[in-house]
Amino acid sequence: TMSVKIKIGVSSKRHGPIKRNKEIQKNNLEGFLKEYNVDPESMSLMKQVHGNTVTQVTKRIRVFEDTDGLVTNKKNIYLGVVTADCVPLLLFDKKNSVIGAIHSGYKGIFLGIIQNAIEKSEESGAECRQINAIIGPSIGVCCYDVDFDRAKAFKEKFGHKIVEERQNKYFINLPKLVENILITEGLIKENIFSTDICTSCNNKDYYSYRLESKESYGEFVSFIGME
């Protein structure tokens, strides 16, 4: 089999918001992709809805409606996910030429989007033990405090360790939860890379919905493609 080259990139505030007020900022996206020599015409994004739908991509569509994950085994289709606290998850199986980009917010994770992403990757020809995962910049357990009900629901579904209690506040560790689910789904721990960057702590570089006002926050993009 021909070896594929995997290309991955994550934008930062330096590039400006890739999405703001539900609109893709075309100039910012194009400027960012230029740095990676990626043709904006080859980029597929999603109209993300915090669900658990993962779509298999057979041909490039500019924006896939009502989906929170994209998976493809085609070259020269770049898959992008925009976030500002949610976990951007990028998947690749180089041996079998399958890639994925998943928007993993707390709602989607709770509804099983990670499991669906692995299932769709396998349908596209990937093998669990060959899949590498990159957990991009997202809100860390340091900053992601939630109310009692959400904490309780997550503890019941995913175990107590995923929630930390500090000064009568509850904090969910979303990046760790994503990693745990991937391992449960059959990925090898050594194949999972976490950037360990909290969007809220590192707000000078990344957008954070939680930290910034609803008016001022933007979203950055994480993308993956095969050449």
# chains A, B, ... in the order shown; residues from 1 in each chain; ligands from 1

call {"tool": "residues_around", "arguments": {"residues": "A:Tyr78", "least_positions_apart": "6", "cutoff": "6 Å", "atoms": "only C-alpha atoms", "output": "PDB file with C-alpha atoms, in the first residue's frame"}}
result
ATOM      1  CA  SER A  42     -10.445  20.784   0.120  1.00  0.00           C
ATOM      2  CA  MET A  43     -11.704  21.572   3.645  1.00  0.00           C
ATOM      3  CA  SER A  44     -14.924  20.125   5.048  1.00  0.00           C
ATOM      4  CA  ILE A 224      -6.634  16.654   9.744  1.00  0.00           C
ATOM      5  CA  GLY A 225      -6.066  15.467   6.178  1.00  0.00           C
TER       6      GLY A 225
END

call {"tool": "residues_around", "arguments": {"residues": "A:Ile102", "least_positions_apart": "4", "cutoff": "7 Å", "atoms": "only C-alpha atoms", "output": "PyMOL selection string"}}
result
chain A and resi 68-70+81+88-90

call {"tool": "write_last_selection", "arguments": {"atoms": "all heavy atoms", "output": "CSV table (one decimal), in the first residue's frame"}}
result
chain,number,residue,atom,x,y,z
A,68,ASP,N,-21.5,16.1,14.2
A,68,ASP,CA,-20.4,16.5,15.1
A,68,ASP,C,-19.2,15.7,14.9
A,68,ASP,O,-18.2,15.8,15.7
A,68,ASP,CB,-20.9,16.5,16.6
A,68,ASP,CG,-21.9,17.6,16.9
A,68,ASP,OD1,-21.5,18.7,17.2
A,68,ASP,OD2,-23.1,17.4,16.7
A,69,GLY,N,-19.2,14.9,13.9
A,69,GLY,CA,-18.0,14.1,13.6
A,69,GLY,C,-17.9,13.8,12.1
A,69,GLY,O,-19.0,13.6,11.5
A,70,LEU,N,-16.7,13.8,11.6
A,70,LEU,CA,-16.5,13.4,10.2
A,70,LEU,C,-15.4,12.4,10.1
A,70,LEU,O,-14.4,12.5,10.8
A,70,LEU,CB,-16.1,14.6,9.3
A,70,LEU,CG,-17.0,15.8,9.2
A,70,LEU,CD1,-16.4,17.0,8.5
A,70,LEU,CD2,-18.3,15.4,8.6
A,81,VAL,N,-12.8,20.7,12.7
A,81,VAL,CA,-13.7,20.9,13.8
A,81,VAL,C,-13.4,22.2,14.5
A,81,VAL,O,-12.3,22.5,14.7
A,81,VAL,CB,-13.6,19.7,14.8
A,81,VAL,CG1,-12.2,19.4,15.2
A,81,VAL,CG2,-14.5,19.9,16.0
A,88,PRO,N,-11.6,19.0,20.8
A,88,PRO,CA,-11.4,18.6,19.4
A,88,PRO,C,-10.6,17.3,19.4
A,88,PRO,O,-9.5,17.3,19.9
A,88,PRO,CB,-10.7,19.8,18.8
A,88,PRO,CG,-9.9,20.4,20.0
A,88,PRO,CD,-10.6,20.0,21.3
A,89,LEU,N,-11.2,16.3,18.8
A,89,LEU,CA,-10.5,15.0,18.7
A,89,LEU,C,-10.2,14.7,17.3
A,89,LEU,O,-11.1,14.6,16.4
A,89,LEU,CB,-11.5,13.9,19.3
A,89,LEU,CG,-11.0,12.5,19.3
A,89,LEU,CD1,-9.7,12.2,20.1
A,89,LEU,CD2,-12.1,11.5,19.7
A,90,LEU,N,-8.9,14.4,17.0
A,90,LEU,CA,-8.5,14.0,15.7
A,90,LEU,C,-8.0,12.6,15.7
A,90,LEU,O,-7.3,12.2,16.6
A,90,LEU,CB,-7.4,14.9,15.2
A,90,LEU,CG,-7.7,16.4,15.2
A,90,LEU,CD1,-6.4,17.2,14.8
A,90,LEU,CD2,-8.8,16.7,14.2

call {"tool": "atom_distance", "arguments": {"atom1": "atom CA of A:Ser213", "atom2": "atom CA of A:Asp147"}}
result
19.5 Å

call {"tool": "residues_around", "arguments": {"residues": "stretch 140-144 of chain A", "least_positions_apart": "4", "cutoff": "9 Å", "atoms": "only C-alpha atoms", "output": "list in words"}}
result
Asp85, Ile162, Val163, Glu164, Tyr170, Phe171, Ile172, Asn173, Leu174, Pro175, Lys176, Asp196, Ile197, Cys198, Thr199, Ser200, Cys201 and Arg210 of chain A

call {"tool": "residues_around", "arguments": {"residues": "A:Asn191", "least_positions_apart": "2", "cutoff": "9 Å", "atoms": "only C-alpha atoms", "output": "JSON list (two decimals) with N, CA, C and O atoms, in the first residue's frame"}}
result
[["chain", "number", "residue", "atom", "x", "y", "z"],
["A", 129, "ARG", "N", -6.59, -0.95, 16.94],
["A", 129, "ARG", "CA", -5.23, -0.97, 17.47],
["A", 129, "ARG", "C", -4.25, -0.17, 16.61],
["A", 129, "ARG", "O", -3.11, 0.03, 16.99],
["A", 130, "GLN", "N", -4.73, 0.28, 15.47],
["A", 130, "GLN", "CA", -3.89, 1.11, 14.59],
["A", 130, "GLN", "C", -4.27, 2.60, 14.66],
["A", 130, "GLN", "O", -3.61, 3.44, 14.07],
["A", 131, "ILE", "N", -5.37, 2.88, 15.37],
["A", 131, "ILE", "CA", -5.84, 4.28, 15.41],
["A", 131, "ILE", "C", -5.04, 5.10, 16.41],
["A", 131, "ILE", "O", -4.84, 4.69, 17.55],
["A", 132, "ASN", "N", -4.56, 6.24, 15.95],
["A", 132, "ASN", "CA", -3.94, 7.23, 16.82],
["A", 132, "ASN", "C", -4.96, 8.33, 17.07],
["A", 132, "ASN", "O", -5.75, 8.68, 16.18],
["A", 133, "ALA", "N", -4.93, 8.90, 18.27],
["A", 133, "ALA", "CA", -5.87, 9.96, 18.63],
["A", 133, "ALA", "C", -5.11, 11.16, 19.17],
["A", 133, "ALA", "O", -4.14, 11.00, 19.91],
["A", 134, "ILE", "N", -5.54, 12.34, 18.78],
["A", 134, "ILE", "CA", -4.98, 13.58, 19.32],
["A", 134, "ILE", "C", -6.11, 14.36, 19.98],
["A", 134, "ILE", "O", -7.12, 14.67, 19.33],
["A", 187, "LEU", "N", -8.58, 1.42, 21.70],
["A", 187, "LEU", "CA", -7.34, 2.10, 21.31],
["A", 187, "LEU", "C", -6.24, 1.80, 22.33],
["A", 187, "LEU", "O", -6.51, 1.52, 23.50],
["A", 188, "ILE", "N", -5.01, 1.87, 21.85],
["A", 188, "ILE", "CA", -3.86, 1.62, 22.72],
["A", 188, "ILE", "C", -3.47, 2.95, 23.37],
["A", 188, "ILE", "O", -3.35, 3.97, 22.69],
["A", 189, "LYS", "N", -3.25, 2.90, 24.69],
["A", 189, "LYS", "CA", -2.97, 4.12, 25.45],
["A", 189, "LYS", "C", -1.81, 4.93, 24.84],
["A", 189, "LYS", "O", -1.85, 6.15, 24.76],
["A", 193, "PHE", "N", -2.58, 10.91, 22.23],
["A", 193, "PHE", "CA", -1.75, 12.06, 22.59],
["A", 193, "PHE", "C", -2.66, 13.20, 23.03],
["A", 193, "PHE", "O", -3.54, 13.61, 22.29]]

call {"tool": "residues_around", "arguments": {"residues": "stretch 34-38 of chain A", "least_positions_apart": "5", "cutoff": "10 Å", "atoms": "only C-alpha atoms", "output": "JSON, numbers by chain"}}
result
{"A": [7, 8, 9, 28, 29, 43, 76, 77, 78, 225]}

call {"tool": "write_last_selection", "arguments": {"atoms": "N, CA and C atoms", "output": "compact mmCIF listing (two decimals), in the first residue's frame"}}
result
# COMPACT_ATOMS: atom_id res chain seq x y z
N LYS A 7 -1.58 15.23 7.68
CA LYS A 7 -1.33 16.65 8.00
C LYS A 7 -2.35 17.10 9.04
N ILE A 8 -1.81 17.73 10.09
CA ILE A 8 -2.66 18.15 11.21
C ILE A 8 -2.33 19.59 11.56
N GLY A 9 -3.33 20.39 11.89
CA GLY A 9 -3.06 21.76 12.31
C GLY A 9 -4.13 22.25 13.28
N ASN A 28 -9.97 34.47 7.63
CA ASN A 28 -9.12 33.91 8.68
C ASN A 28 -8.79 32.44 8.41
N LEU A 29 -9.80 31.70 7.96
CA LEU A 29 -9.60 30.28 7.66
C LEU A 29 -8.59 30.12 6.52
N MET A 43 -11.33 21.64 2.23
CA MET A 43 -11.70 21.57 3.65
C MET A 43 -13.20 21.34 3.84
N ASN A 76 -6.83 13.95 0.37
CA ASN A 76 -7.08 15.34 -0.05
C ASN A 76 -8.47 15.88 0.30
N ILE A 77 -9.06 15.29 1.33
CA ILE A 77 -10.24 15.90 1.95
C ILE A 77 -9.81 16.22 3.37
N TYR A 78 -9.79 17.50 3.70
CA TYR A 78 -9.40 17.90 5.04
C TYR A 78 -10.63 18.05 5.90
N GLY A 225 -5.89 15.88 7.56
CA GLY A 225 -6.07 15.47 6.18
C GLY A 225 -5.00 14.46 5.79

call {"tool": "closest_residue", "arguments": {"among": "A:Val221, A:Val178, A:Met46, A:Met226", "to": "A:Lys94", "atoms": "only C-alpha atoms"}}
result
A:Met226
